[in-house]
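A.B. asks: First the structure, which I've put down as structure tokens, then a few questions once you've had a look.
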Amino acid sequence: MFESIMLNGGNYSVKPQNFIYASFDLCAIILSVIVLINYIISKKIEGTKTRLFLTLIIGTLVSAALDFAAVIAISVTGCPVWLGNLLIALNYLAYNVVGVAFVVYAVAVIYDNAKIPRWCYVVANALFALSIGGVVFATVCLFKYGYGSVPNYLKVSYEGLIYGVQFVALAFSLSIAVIKRVKLTKVRRINIYFFSLFNMIAVLSQFIARRLNFSMQISNFALAIAMMLIYVTLQRPEDELDEVSGAFNKRSFNRRGHMRLDSGKPFWIFAMEVNNMTVVNSSFGLNGGNQVLKEVAERFMARLRKNQHLYRLSGVRFAVMFDSKEDYEQYAERCKGIFEKPVSVNETEIHITALACVIAVPEVTNKLSEVEDLIRYYRNSINVSEDIITADKDAILKARRRELVDYAIQKAINNRTFEVYYQPIYCVKDKSFSGCEALLRLKDETLGFISPDEFIPIAEQNGKIIEVGRFVIDEVCRFIKTERLQERGITFVDINLSVIQCMHPEIIPDIESTLEKYEVPRSMVNLEITETASAGSYAMLQSKLNELHSNGFTISLDDFGTGFASVEYLIKFPFDVVKLDKALVWAYMSTKKYEPILQHYMPMLHSLGTKVVAEGVETQQMVEALVSLGCDYLQGYYYSRPIPKDKFLEFIENNGEEQNLA
Ligand code: C2E
Ligand code: CA
Ligand code: CA
């Protein structure tokens, strides 16, 4: 447009078509102002991308306004020449600022608010330096010659430089968007492609048109249109924000999390759950609850650093993703004492606590969908008492394993897929296998074989041991009856009873009804109890055992030598049998110091009328030593491992003949 203005004695004369060109700028100004106003009044996601988008809108607005002003300045008679020159130069600068900012914006969209790589800043700075060079060059020429009289080769040079910077910036943005297209959603991809291509065409046509002496001032207008498109399709923060807390929502968590997973780099998820929300909700209603969540989220957000975000996963669960363990640790450090100050709702102060764990991805899990499960598992595994408890990898893995085992136990109860194995017990006096111990086996489809040492304590904690115990007793009694074990020379079957089972009010009627159902005499069942240190249950256990004993059951003290059993314990409890724990037996075999202790114990036990069983007998040498020590029964791998029913029957049939018996 500027070419059409004729220099007239130092004053510009007005040419009406200039205003037609300027109307493109005017439209660009209107569009940018609309986007800017919308942008200001709408919700925003804090972050690099948002700040860059604001730079883009303001840059476009300033560029269009300067161009518009320049047209007016050089068109109105009497306006100083320097002002027109200055406005033109500033317009060039603002235009290039938008182009360079778009490079960084496109990268920010691709890397989605994560750290923008250094190379991006290098490219942007280089382009910007070139642009400054172009603008200085243009300014010098304009002031030296006056706009209309700049020699053509100079004009081509500086315009080439300025439009060139813009073109290269757009082409660069387009290329990285194409290269990194898999990282972009379809809408984002199309937006960057469109913005870059559309503006590249605009720059090119404007540059060519000027060379053909045909002025076309569309570049700012093209910028504004593309900006508007980005605004309506891309900048939709409400899609990714949680209304209640102001944190990002789960959708955002999933999207960003999957991008991180795709990148293959490990990352850390700090996941937390607010504890007392049910109480808050029931006393203050949903509004009160929401107020608390908002306050909690604000406290967590205030401790975040640049490029770190808080996500609300669901109800009371929040998460933050970190690039490194150090970042997480620093954040956890900053979160210390986060709930020291109570949260106030309706003038009531509420003390909040939360449970938090850090989940290493992909080390602990590579499924984002599992994050909430892991918090739940971990929650189930501990008692919350502190302000904020944080779990490490081992605790989380343990919690998950626990939960999976718990699930396997429930499945086995429902489908009756537990199995009882039997380990023969050798009677020294009779030189035969007169008894056995029933040992439970759990084989899960997914977890495989689970040791009773692992699943029994879990079943005890969740109360399932009662159901499990019923199964064992039923299974053993059925076995005794259907295979007529008595006729095969078996005089007792040991059944393990955990203390929790013993304390159950229905334990005695339960066992008795099962025995009756299968017509098994009480003397056939021997109950094994492990010594316990729990003083609270001492009296109760004592009365239960006395009751069982007076009802005709024999009782063994299991695992003697590992725990807390004292002589007093042996006297006060009605034990018929003491089972020396394998650890004690092995210690006796390997450490001289144990010899006098056991040799001292044996006559004492016998004088109390208790029989002694040695467990963990693995060698001929052990058999000899334990027999001479005075043990009444021997049990261990030397004779047989715990085996399934049919194998056990076979074993009895041959009277353990494959073994080299003592
Ligand atoms: P426990 O009652 O002390 O059972 C003896 C354990 O020692 C068994 O382990 C048995 O396989 C193992 N064992 C026997 N002889 C030898 C040997 O010579 N060498 C070695 N290394 N080990 C030997 P298992 O079957 O894994 O059972 C572990 C524990 O789980 C049992 O210890 C018992 O406390 C509990 N348990 C098993 N079945 C039941 C059940 O039906 N109810 C309850 N409440 N607890 C059970
Ligand atoms: Ca036992
Ligand atoms: Ca034992």
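Naming scheme: A, B, ... for chains in displayed order of the structure tokens; residues 1 onward per chain; ligands 1 onward as shown.
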Apply DSSP to the structure's backbone, then extract all residues of segment 6-139 of chain A labelled alpha helix (DSSP H) and return them as JSON, numbers by chain.
C.D. replies: {"A": [16, 17, 18, 19, 20, 21, 22, 23, 24, 25, 26, 27, 28, 29, 30, 31, 32, 33, 34, 35, 36, 37, 38, 39, 40, 41, 48, 49, 50, 51, 52, 53, 54, 55, 56, 57, 58, 59, 60, 61, 62, 63, 64, 65, 66, 67, 68, 69, 70, 71, 72, 73, 74, 75, 81, 82, 83, 84, 85, 86, 87, 88, 89, 90, 91, 92, 93, 94, 95, 96, 97, 98, 99, 100, 101, 102, 103, 104, 105, 106, 107, 108, 109, 110, 111, 118, 119, 120, 121, 122, 123, 124, 125, 126, 127, 128, 129, 130, 131, 132, 133, 134, 135, 136, 137, 138, 139]}
A.B. asks: In segment 580-654 of chain A, what's strand (DSSP E or B) per DSSP? Answer as a list in words?
C.D. replies: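 Those in segment 580-654 of chain A that DSSP calls strand (DSSP E or B) are Leu580, Lys611, Val612, Val613, Ala614, Tyr633, Leu634 and Ile643 of chain A.
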A.B. asks: Neighbouring residues of Leu515 of chain A were defined as those with any atom within 12 Å, considering only C-alpha atoms; residues of the same chain fewer than 5 positions away were excluded. Please report them as a list in words.
C.D. replies: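 Within the cut-off, the hits are Arg470, Ile473, Asp474, Glu475, Val476, Cys477, Arg478, Phe479, Ile480, Lys481, Ile508, Pro509, Asp510, Val520, Pro521, Arg522, Ser523, Met524, Val525 and Phe553 of chain A.
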A.B. asks: Please identify every polymer residue within 10 Å of ligand 3, using only C-alpha atoms and all ligand atoms, and present the set as a short mmCIF file (atom, residue, chain, number, x, y, z; two decimals) with N, CA and C atoms, in the first residue's frame.
C.D. replies:
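Writing the result to pocket-v2.cif gives the following:
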```cif
data_model
loop_
_atom_site.label_atom_id
_atom_site.label_comp_id
_atom_site.auth_asym_id
_atom_site.auth_seq_id
_atom_site.Cartn_x
_atom_site.Cartn_y
_atom_site.Cartn_z
N GLU A 437 -0.42 -84.09 59.93
CA GLU A 437 -0.88 -82.71 60.11
C GLU A 437 -1.55 -82.24 58.83
N ASN A 496 -4.60 -77.09 62.32
CA ASN A 496 -4.11 -75.82 62.84
C ASN A 496 -5.27 -74.87 63.09
N GLU A 528 -4.00 -77.68 66.86
CA GLU A 528 -2.69 -77.04 67.08
C GLU A 528 -2.89 -75.54 67.20
N ILE A 529 -2.37 -74.98 68.28
CA ILE A 529 -2.47 -73.54 68.51
C ILE A 529 -1.08 -72.97 68.60
N THR A 530 -0.85 -71.83 67.98
CA THR A 530 0.47 -71.19 68.08
C THR A 530 0.47 -70.29 69.30
N SER A 556 -2.41 -79.13 70.92
CA SER A 556 -0.95 -79.02 70.83
C SER A 556 -0.53 -77.56 70.88
N LEU A 557 0.60 -77.33 71.53
CA LEU A 557 1.21 -76.00 71.45
C LEU A 557 2.17 -76.04 70.27
N ASP A 558 1.85 -75.24 69.22
CA ASP A 558 2.62 -75.26 67.98
C ASP A 558 3.79 -74.28 68.06
N ASP A 559 4.78 -74.53 67.28
CA ASP A 559 5.92 -73.61 67.11
C ASP A 559 6.59 -73.26 68.44
N PHE A 560 6.73 -74.23 69.29
CA PHE A 560 7.36 -73.97 70.58
C PHE A 560 8.82 -73.59 70.36
N GLY A 561 9.25 -72.51 71.03
CA GLY A 561 10.64 -72.10 70.91
C GLY A 561 10.85 -70.90 70.02
N THR A 562 9.82 -70.43 69.41
CA THR A 562 9.99 -69.26 68.53
C THR A 562 9.50 -67.99 69.19
N VAL A 578 3.44 -80.74 72.81
CA VAL A 578 4.22 -79.54 72.48
C VAL A 578 4.98 -79.85 71.20
N LYS A 579 4.85 -78.95 70.21
CA LYS A 579 5.57 -79.17 68.96
C LYS A 579 6.77 -78.24 68.91
N LEU A 580 7.96 -78.84 68.94
CA LEU A 580 9.17 -78.02 68.88
C LEU A 580 9.28 -77.42 67.47
N ASP A 581 9.42 -76.13 67.42
CA ASP A 581 9.50 -75.47 66.11
C ASP A 581 10.75 -75.89 65.35
N LYS A 582 10.65 -75.93 64.05
CA LYS A 582 11.79 -76.42 63.26
C LYS A 582 13.04 -75.57 63.49
N ALA A 583 12.84 -74.27 63.73
CA ALA A 583 14.00 -73.40 63.96
C ALA A 583 14.75 -73.84 65.22
N VAL A 613 6.68 -83.34 70.00
CA VAL A 613 6.85 -83.59 68.57
C VAL A 613 7.98 -82.70 68.08
N ALA A 614 8.89 -83.28 67.29
CA ALA A 614 9.93 -82.43 66.68
C ALA A 614 9.56 -82.20 65.22
N GLU A 615 9.54 -80.93 64.84
CA GLU A 615 9.22 -80.59 63.45
C GLU A 615 10.50 -80.34 62.68
N GLY A 616 10.39 -80.34 61.38
CA GLY A 616 11.55 -79.97 60.55
C GLY A 616 12.64 -81.01 60.53
N GLN A 635 8.39 -85.24 62.69
CA GLN A 635 7.67 -84.80 61.50
C GLN A 635 8.64 -83.99 60.65
#
```
A.B. asks: Would you kindly return, as a ChimeraX atom specification, each protein, DNA or RNA residue with an atom no farther than 10 Å from any atom of Ser434 of chain A, considering only C-alpha atoms and excluding same-chain residues fewer than 3 positions away?
C.D. replies: /A:424-428,430-431,485-486,488-493,633,652,655
A.B. asks: Create the file for the chosen residues now, containing all heavy atoms and written as a compact mmCIF listing (two decimals), in the first residue's frame.
C.D. replies:
```
# COMPACT_ATOMS: atom_id res chain seq x y z
N PRO A 424 2.74 -86.73 57.07
CA PRO A 424 2.75 -87.82 58.05
C PRO A 424 3.56 -87.46 59.29
O PRO A 424 4.55 -86.74 59.21
CB PRO A 424 3.44 -88.97 57.30
CG PRO A 424 3.46 -88.57 55.87
CD PRO A 424 3.38 -87.10 55.81
N ILE A 425 3.13 -87.98 60.42
CA ILE A 425 3.88 -87.79 61.68
C ILE A 425 4.28 -89.18 62.20
O ILE A 425 3.43 -90.09 62.32
CB ILE A 425 3.02 -87.04 62.71
CG1 ILE A 425 2.70 -85.62 62.17
CG2 ILE A 425 3.75 -86.94 64.06
CD1 ILE A 425 1.77 -84.81 63.05
N TYR A 426 5.56 -89.31 62.43
CA TYR A 426 6.12 -90.61 62.82
C TYR A 426 6.10 -90.76 64.34
O TYR A 426 6.58 -89.89 65.06
CB TYR A 426 7.55 -90.71 62.28
CG TYR A 426 8.24 -92.01 62.57
CD1 TYR A 426 7.88 -93.18 61.90
CD2 TYR A 426 9.27 -92.07 63.52
CE1 TYR A 426 8.52 -94.37 62.17
CE2 TYR A 426 9.92 -93.27 63.78
CZ TYR A 426 9.53 -94.42 63.11
OH TYR A 426 10.18 -95.60 63.37
N CYS A 427 5.57 -91.92 64.80
CA CYS A 427 5.54 -92.19 66.24
C CYS A 427 6.75 -93.04 66.60
O CYS A 427 6.91 -94.15 66.08
CB CYS A 427 4.23 -92.90 66.61
SG CYS A 427 4.22 -93.42 68.34
N VAL A 428 7.63 -92.49 67.45
CA VAL A 428 8.89 -93.15 67.77
C VAL A 428 8.64 -94.49 68.48
O VAL A 428 9.24 -95.50 68.15
CB VAL A 428 9.78 -92.23 68.63
CG1 VAL A 428 11.07 -92.94 69.05
CG2 VAL A 428 10.10 -90.95 67.87
N ASP A 430 5.87 -96.49 68.49
CA ASP A 430 5.23 -97.52 67.66
C ASP A 430 6.02 -97.82 66.39
O ASP A 430 5.69 -98.74 65.64
CB ASP A 430 3.82 -97.08 67.24
CG ASP A 430 2.93 -96.87 68.45
OD1 ASP A 430 3.35 -97.26 69.56
OD2 ASP A 430 1.85 -96.27 68.30
N LYS A 431 7.02 -96.99 66.12
CA LYS A 431 7.77 -97.12 64.87
C LYS A 431 6.85 -97.14 63.66
O LYS A 431 7.01 -97.95 62.73
CB LYS A 431 8.64 -98.39 64.88
CG LYS A 431 9.80 -98.34 65.85
CD LYS A 431 10.75 -99.49 65.54
CE LYS A 431 12.12 -99.40 66.15
NZ LYS A 431 12.21 -99.05 67.54
N LEU A 485 -9.66 -93.59 57.91
CA LEU A 485 -8.25 -93.45 58.33
C LEU A 485 -7.92 -94.28 59.57
O LEU A 485 -6.81 -94.81 59.68
CB LEU A 485 -7.91 -91.98 58.59
CG LEU A 485 -7.80 -91.06 57.38
CD1 LEU A 485 -7.10 -89.76 57.76
CD2 LEU A 485 -7.05 -91.71 56.22
N GLN A 486 -8.91 -94.38 60.48
CA GLN A 486 -8.65 -95.15 61.71
C GLN A 486 -8.25 -96.57 61.39
O GLN A 486 -7.34 -97.13 61.98
CB GLN A 486 -9.90 -95.16 62.59
CG GLN A 486 -10.06 -93.87 63.37
CD GLN A 486 -11.44 -93.79 63.96
OE1 GLN A 486 -12.42 -93.67 63.21
NE2 GLN A 486 -11.52 -93.87 65.28
N ARG A 488 -6.80 -97.54 58.90
CA ARG A 488 -5.47 -97.58 58.28
C ARG A 488 -4.37 -97.29 59.29
O ARG A 488 -3.23 -97.02 58.91
CB ARG A 488 -5.40 -96.55 57.16
CG ARG A 488 -6.33 -96.82 55.99
CD ARG A 488 -6.27 -95.65 55.03
NE ARG A 488 -7.31 -95.71 54.02
CZ ARG A 488 -7.09 -96.07 52.75
NH1 ARG A 488 -5.90 -96.44 52.38
NH2 ARG A 488 -8.09 -96.08 51.89
N GLY A 489 -4.73 -97.23 60.56
CA GLY A 489 -3.72 -97.04 61.60
C GLY A 489 -3.44 -95.60 61.98
O GLY A 489 -2.49 -95.31 62.71
N ILE A 490 -4.23 -94.69 61.44
CA ILE A 490 -4.04 -93.27 61.80
C ILE A 490 -4.88 -92.99 63.05
O ILE A 490 -6.10 -93.23 63.05
CB ILE A 490 -4.48 -92.35 60.64
CG1 ILE A 490 -3.61 -92.58 59.39
CG2 ILE A 490 -4.43 -90.87 61.05
CD1 ILE A 490 -2.15 -92.21 59.56
N THR A 491 -4.22 -92.51 64.09
CA THR A 491 -4.97 -92.29 65.33
C THR A 491 -5.32 -90.82 65.58
O THR A 491 -6.16 -90.50 66.41
CB THR A 491 -4.20 -92.83 66.55
OG1 THR A 491 -2.92 -92.17 66.57
CG2 THR A 491 -4.00 -94.34 66.46
N PHE A 492 -4.63 -89.90 64.85
CA PHE A 492 -4.99 -88.48 64.99
C PHE A 492 -4.61 -87.68 63.74
O PHE A 492 -3.68 -88.04 63.03
CB PHE A 492 -4.30 -87.87 66.22
CG PHE A 492 -2.81 -87.83 66.12
CD1 PHE A 492 -2.17 -86.70 65.61
CD2 PHE A 492 -2.02 -88.92 66.51
CE1 PHE A 492 -0.79 -86.65 65.50
CE2 PHE A 492 -0.64 -88.87 66.40
CZ PHE A 492 -0.01 -87.73 65.89
N VAL A 493 -5.39 -86.63 63.51
CA VAL A 493 -5.04 -85.66 62.46
C VAL A 493 -4.94 -84.29 63.13
O VAL A 493 -5.86 -83.87 63.82
CB VAL A 493 -6.10 -85.63 61.34
CG1 VAL A 493 -5.71 -84.61 60.27
CG2 VAL A 493 -6.30 -87.01 60.72
N TYR A 633 7.34 -87.91 68.88
CA TYR A 633 6.94 -87.95 67.47
C TYR A 633 7.90 -87.13 66.64
O TYR A 633 8.48 -86.15 67.12
CB TYR A 633 5.54 -87.36 67.29
CG TYR A 633 4.44 -88.14 67.99
CD1 TYR A 633 4.05 -87.80 69.30
CD2 TYR A 633 3.79 -89.19 67.35
CE1 TYR A 633 3.04 -88.51 69.94
CE2 TYR A 633 2.78 -89.90 67.99
CZ TYR A 633 2.41 -89.56 69.27
OH TYR A 633 1.41 -90.26 69.90
N ILE A 652 0.78 -94.21 53.50
CA ILE A 652 0.38 -94.99 54.68
C ILE A 652 0.35 -96.48 54.33
O ILE A 652 0.80 -97.34 55.09
CB ILE A 652 -1.03 -94.57 55.16
CG1 ILE A 652 -1.02 -93.11 55.59
CG2 ILE A 652 -1.55 -95.46 56.29
CD1 ILE A 652 -0.13 -92.84 56.76
N ASN A 655 3.51 -97.85 54.52
CA ASN A 655 4.11 -97.47 55.81
C ASN A 655 5.44 -96.74 55.62
O ASN A 655 6.41 -96.98 56.32
CB ASN A 655 4.27 -98.70 56.72
CG ASN A 655 4.42 -98.26 58.17
OD1 ASN A 655 4.03 -97.15 58.53
ND2 ASN A 655 4.98 -99.13 59.00
```
A.B. asks: Residues within 9 Å of ligand 1, counting only C-alpha atoms and all ligand atoms: report them as a ChimeraX atom specification.
C.D. replies: /A:420-423,437-441,451-457,459-460,465,468-469,471-473,495-501,528-530,558-559,579,581-582,615-619,635-642
A.B. asks: Save the residues we just selected, N, CA and C atoms, as a compact mmCIF listing (two decimals), in the first residue's frame?
C.D. replies:
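result-v3.txt written:
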```txt
# COMPACT_ATOMS: atom_id res chain seq x y z
N VAL A 420 -6.39 -79.42 50.99
CA VAL A 420 -5.69 -79.77 52.22
C VAL A 420 -4.68 -80.85 51.91
N TYR A 421 -3.43 -80.60 52.30
CA TYR A 421 -2.38 -81.59 52.15
C TYR A 421 -2.13 -82.21 53.53
N TYR A 422 -1.51 -83.39 53.54
CA TYR A 422 -1.26 -84.06 54.81
C TYR A 422 0.21 -84.40 54.92
N GLN A 423 0.78 -84.10 56.09
CA GLN A 423 2.18 -84.47 56.31
C GLN A 423 2.21 -85.54 57.41
N GLU A 437 -0.42 -84.09 59.93
CA GLU A 437 -0.88 -82.71 60.11
C GLU A 437 -1.55 -82.24 58.83
N ALA A 438 -2.72 -81.64 58.97
CA ALA A 438 -3.44 -81.10 57.81
C ALA A 438 -2.90 -79.70 57.53
N LEU A 439 -2.41 -79.49 56.32
CA LEU A 439 -1.85 -78.18 55.95
C LEU A 439 -2.54 -77.67 54.69
N LEU A 440 -2.98 -76.44 54.79
CA LEU A 440 -3.81 -75.88 53.73
C LEU A 440 -2.97 -75.41 52.55
N ARG A 441 -3.48 -75.59 51.36
CA ARG A 441 -2.80 -75.15 50.15
C ARG A 441 -3.72 -74.27 49.32
N SER A 451 1.90 -69.36 49.57
CA SER A 451 2.26 -70.07 50.81
C SER A 451 1.29 -69.72 51.94
N PRO A 452 0.96 -70.72 52.77
CA PRO A 452 0.09 -70.40 53.91
C PRO A 452 0.71 -69.36 54.84
N ASP A 453 2.05 -69.32 54.87
CA ASP A 453 2.69 -68.30 55.70
C ASP A 453 2.29 -66.90 55.22
N GLU A 454 1.93 -66.80 53.93
CA GLU A 454 1.50 -65.50 53.41
C GLU A 454 -0.01 -65.31 53.56
N PHE A 455 -0.79 -66.34 53.15
CA PHE A 455 -2.24 -66.08 53.12
C PHE A 455 -2.94 -66.26 54.46
N ILE A 456 -2.39 -67.09 55.35
CA ILE A 456 -3.06 -67.27 56.65
C ILE A 456 -3.11 -65.94 57.45
N PRO A 457 -1.96 -65.23 57.59
CA PRO A 457 -2.04 -63.96 58.32
C PRO A 457 -3.03 -62.97 57.68
N ALA A 459 -5.74 -63.78 55.91
CA ALA A 459 -7.09 -64.27 56.22
C ALA A 459 -7.44 -63.98 57.68
N GLU A 460 -6.42 -63.98 58.54
CA GLU A 460 -6.68 -63.67 59.95
C GLU A 460 -7.07 -62.20 60.10
N ILE A 465 -10.48 -66.04 57.93
CA ILE A 465 -9.93 -67.27 58.52
C ILE A 465 -11.06 -68.15 59.08
N VAL A 468 -12.34 -70.03 56.19
CA VAL A 468 -11.26 -70.91 55.76
C VAL A 468 -11.13 -72.09 56.73
N GLY A 469 -11.18 -71.78 58.02
CA GLY A 469 -11.06 -72.80 59.07
C GLY A 469 -12.19 -73.83 58.97
N PHE A 471 -13.75 -74.68 56.32
CA PHE A 471 -13.47 -75.52 55.16
C PHE A 471 -12.49 -76.63 55.54
N VAL A 472 -11.40 -76.25 56.26
CA VAL A 472 -10.37 -77.22 56.62
C VAL A 472 -10.97 -78.34 57.48
N ILE A 473 -11.73 -77.95 58.50
CA ILE A 473 -12.29 -78.96 59.41
C ILE A 473 -13.23 -79.90 58.65
N ILE A 495 -5.02 -80.41 63.26
CA ILE A 495 -5.61 -79.28 62.52
C ILE A 495 -5.10 -78.00 63.15
N ASN A 496 -4.60 -77.09 62.32
CA ASN A 496 -4.11 -75.82 62.84
C ASN A 496 -5.27 -74.87 63.09
N LEU A 497 -5.28 -74.29 64.27
CA LEU A 497 -6.32 -73.31 64.61
C LEU A 497 -5.61 -72.02 64.93
N SER A 498 -6.00 -70.94 64.29
CA SER A 498 -5.36 -69.69 64.68
C SER A 498 -6.11 -69.14 65.89
N VAL A 499 -5.42 -68.30 66.64
CA VAL A 499 -6.02 -67.77 67.87
C VAL A 499 -7.36 -67.08 67.58
N ILE A 500 -7.41 -66.37 66.44
CA ILE A 500 -8.65 -65.68 66.07
C ILE A 500 -9.81 -66.68 65.94
N GLN A 501 -9.50 -67.84 65.35
CA GLN A 501 -10.53 -68.89 65.23
C GLN A 501 -10.98 -69.36 66.61
N GLU A 528 -4.00 -77.68 66.86
CA GLU A 528 -2.69 -77.04 67.08
C GLU A 528 -2.89 -75.54 67.20
N ILE A 529 -2.37 -74.98 68.28
CA ILE A 529 -2.47 -73.54 68.51
C ILE A 529 -1.08 -72.97 68.60
N THR A 530 -0.85 -71.83 67.98
CA THR A 530 0.47 -71.19 68.08
C THR A 530 0.47 -70.29 69.30
N ASP A 558 1.85 -75.24 69.22
CA ASP A 558 2.62 -75.26 67.98
C ASP A 558 3.79 -74.28 68.06
N ASP A 559 4.78 -74.53 67.28
CA ASP A 559 5.92 -73.61 67.11
C ASP A 559 6.59 -73.26 68.44
N LYS A 579 4.85 -78.95 70.21
CA LYS A 579 5.57 -79.17 68.96
C LYS A 579 6.77 -78.24 68.91
N ASP A 581 9.42 -76.13 67.42
CA ASP A 581 9.50 -75.47 66.11
C ASP A 581 10.75 -75.89 65.35
N LYS A 582 10.65 -75.93 64.05
CA LYS A 582 11.79 -76.42 63.26
C LYS A 582 13.04 -75.57 63.49
N GLU A 615 9.54 -80.93 64.84
CA GLU A 615 9.22 -80.59 63.45
C GLU A 615 10.50 -80.34 62.68
N GLY A 616 10.39 -80.34 61.38
CA GLY A 616 11.55 -79.97 60.55
C GLY A 616 12.64 -81.01 60.53
N VAL A 617 12.25 -82.29 60.68
CA VAL A 617 13.24 -83.37 60.67
C VAL A 617 13.61 -83.67 59.21
N GLU A 618 14.86 -83.43 58.88
CA GLU A 618 15.23 -83.53 57.47
C GLU A 618 16.28 -84.59 57.18
N THR A 619 16.98 -85.06 58.22
CA THR A 619 18.06 -86.03 57.95
C THR A 619 18.03 -87.20 58.95
N GLN A 635 8.39 -85.24 62.69
CA GLN A 635 7.67 -84.80 61.50
C GLN A 635 8.64 -83.99 60.65
N GLY A 636 8.68 -84.27 59.37
CA GLY A 636 9.59 -83.48 58.54
C GLY A 636 9.79 -84.08 57.17
N TYR A 637 10.53 -83.33 56.37
CA TYR A 637 10.76 -83.73 54.97
C TYR A 637 11.52 -85.05 54.88
N TYR A 638 12.22 -85.41 55.96
CA TYR A 638 12.95 -86.68 55.94
C TYR A 638 11.97 -87.81 55.64
N TYR A 639 10.79 -87.74 56.23
CA TYR A 639 9.75 -88.77 55.99
C TYR A 639 8.93 -88.42 54.76
N SER A 640 8.39 -87.24 54.80
CA SER A 640 7.59 -86.80 53.65
C SER A 640 7.26 -85.32 53.78
N ARG A 641 7.14 -84.70 52.65
CA ARG A 641 6.61 -83.34 52.63
C ARG A 641 5.10 -83.45 52.80
N PRO A 642 4.41 -82.35 53.05
CA PRO A 642 2.94 -82.41 53.03
C PRO A 642 2.51 -82.83 51.63
```
A.B. asks: So that I can see what lies close to Gly134 of chain A, please list as a ChimeraX atom specification the residues with an atom at most 6 Å from it, counting only C-alpha atoms and leaving out residues fewer than 2 positions away in the same chain.
C.D. replies: /A:131-132,136-137,158,161-162
A.B. asks: Suppose we keep N, CA, C and O atoms; can you now write the selection as a CSV table (one decimal), in the first residue's frame?
C.D. replies:
```csv
chain,number,residue,atom,x,y,z
A,131,SER,N,15.3,-11.1,13.1
A,131,SER,CA,14.2,-10.2,13.0
A,131,SER,C,14.6,-8.8,13.4
A,131,SER,O,14.4,-7.8,12.7
A,132,ILE,N,15.3,-8.7,14.6
A,132,ILE,CA,15.8,-7.4,15.1
A,132,ILE,C,16.7,-6.8,14.0
A,132,ILE,O,16.6,-5.6,13.7
A,136,VAL,N,16.1,-3.2,12.3
A,136,VAL,CA,17.1,-2.1,12.4
A,136,VAL,C,17.5,-1.6,11.0
A,136,VAL,O,17.5,-0.4,10.6
A,137,PHE,N,17.7,-2.6,10.2
A,137,PHE,CA,18.1,-2.4,8.7
A,137,PHE,C,16.9,-1.5,8.1
A,137,PHE,O,17.2,-0.5,7.5
A,158,TYR,N,15.4,-5.9,3.2
A,158,TYR,CA,14.9,-5.9,4.6
A,158,TYR,C,13.5,-6.5,4.7
A,158,TYR,O,13.2,-7.2,5.6
A,161,LEU,N,14.1,-10.2,4.7
A,161,LEU,CA,14.6,-10.6,6.0
A,161,LEU,C,13.4,-10.8,7.0
A,161,LEU,O,13.2,-11.8,7.7
A,162,ILE,N,12.5,-9.7,7.0
A,162,ILE,CA,11.4,-9.7,8.0
A,162,ILE,C,10.4,-10.8,7.6
A,162,ILE,O,10.0,-11.6,8.5
```
A.B. asks: Can you tell me which residues surround Val296 of chain A at a distance of at most 9 Å, considering only C-alpha atoms, apart from same-chain residues fewer than 5 positions away, and format the answer as a list in words?
C.D. replies: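 Counting only C-alpha atoms, the residues come to Ser245, Val274, Gln291, Met301, Ile338, Phe339, Val343 and Ile352 of chain A.
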A.B. asks: Could you check the closest approach to ligand 2 for each of A:Asp494, A:Glu512, A:Glu349, A:Glu467 and tell me which residue wins, using only C-alpha atoms and all ligand atoms?
C.D. replies: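 Once distances to ligand 2 are computed over only C-alpha atoms and all ligand atoms, the minimum belongs to A:Asp494.
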A.B. asks: Go through A:Leu527, A:Ala226, A:Ala539, A:Leu608 and flag the residue nearest ligand 2, using only C-alpha atoms and all ligand atoms for the distances.
C.D. replies: A:Leu527
A.B. asks: When you look at Val140 of chain A with a cut-off of 12 Å (counting only C-alpha atoms), what residues show up, excluding the ones that are within fewer than 4 positions of it in the same chain? I need them as a VMD selection string.
C.D. replies: chain A and resid 82 85 to 86 88 to 89 133 to 136 144 to 147 150 154 to 155 158
A.B. asks: With distances taken over only C-alpha atoms, which of A:Glu547, A:Glu624, A:Asp323, A:Asp25 is nearest to Phe221 of chain A?
C.D. replies: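 Ranking A:Glu547, A:Glu624, A:Asp323, A:Asp25 by distance to Phe221 of chain A, first place goes to A:Asp25.
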A.B. asks: Mind pulling up the distance from atom CA of Val203 of chain A to atom CA of Gly160 of chain A?
C.D. replies: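 Straight-line distance from atom CA of Gly160 of chain A to atom CA of Val203 of chain A works out to 10.3 Å.
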A.B. asks: Quick one: pull the distance between atom CA of His309 of chain A and atom CA of Asp392 of chain A, Å, one decimal.
C.D. replies: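 If I compute the distance from atom CA of His309 of chain A to atom CA of Asp392 of chain A, I get 20.9 Å.
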A.B. asks: I'd like to know which of A:Asn546, A:Asn220, A:Ser175, A:Asn551 is closest to Ala106 of chain A, using only C-alpha atoms.
C.D. replies: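 Of the candidates, the smallest distance to Ala106 of chain A is held by A:Ser175.
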A.B. asks: Using only C-alpha atoms and all ligand atoms, which of A:Ser32, A:Asn526, A:Thr48, A:Ser149 sits nearest ligand 2?
C.D. replies: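 Once distances to ligand 2 are computed over only C-alpha atoms and all ligand atoms, the minimum belongs to A:Asn526.
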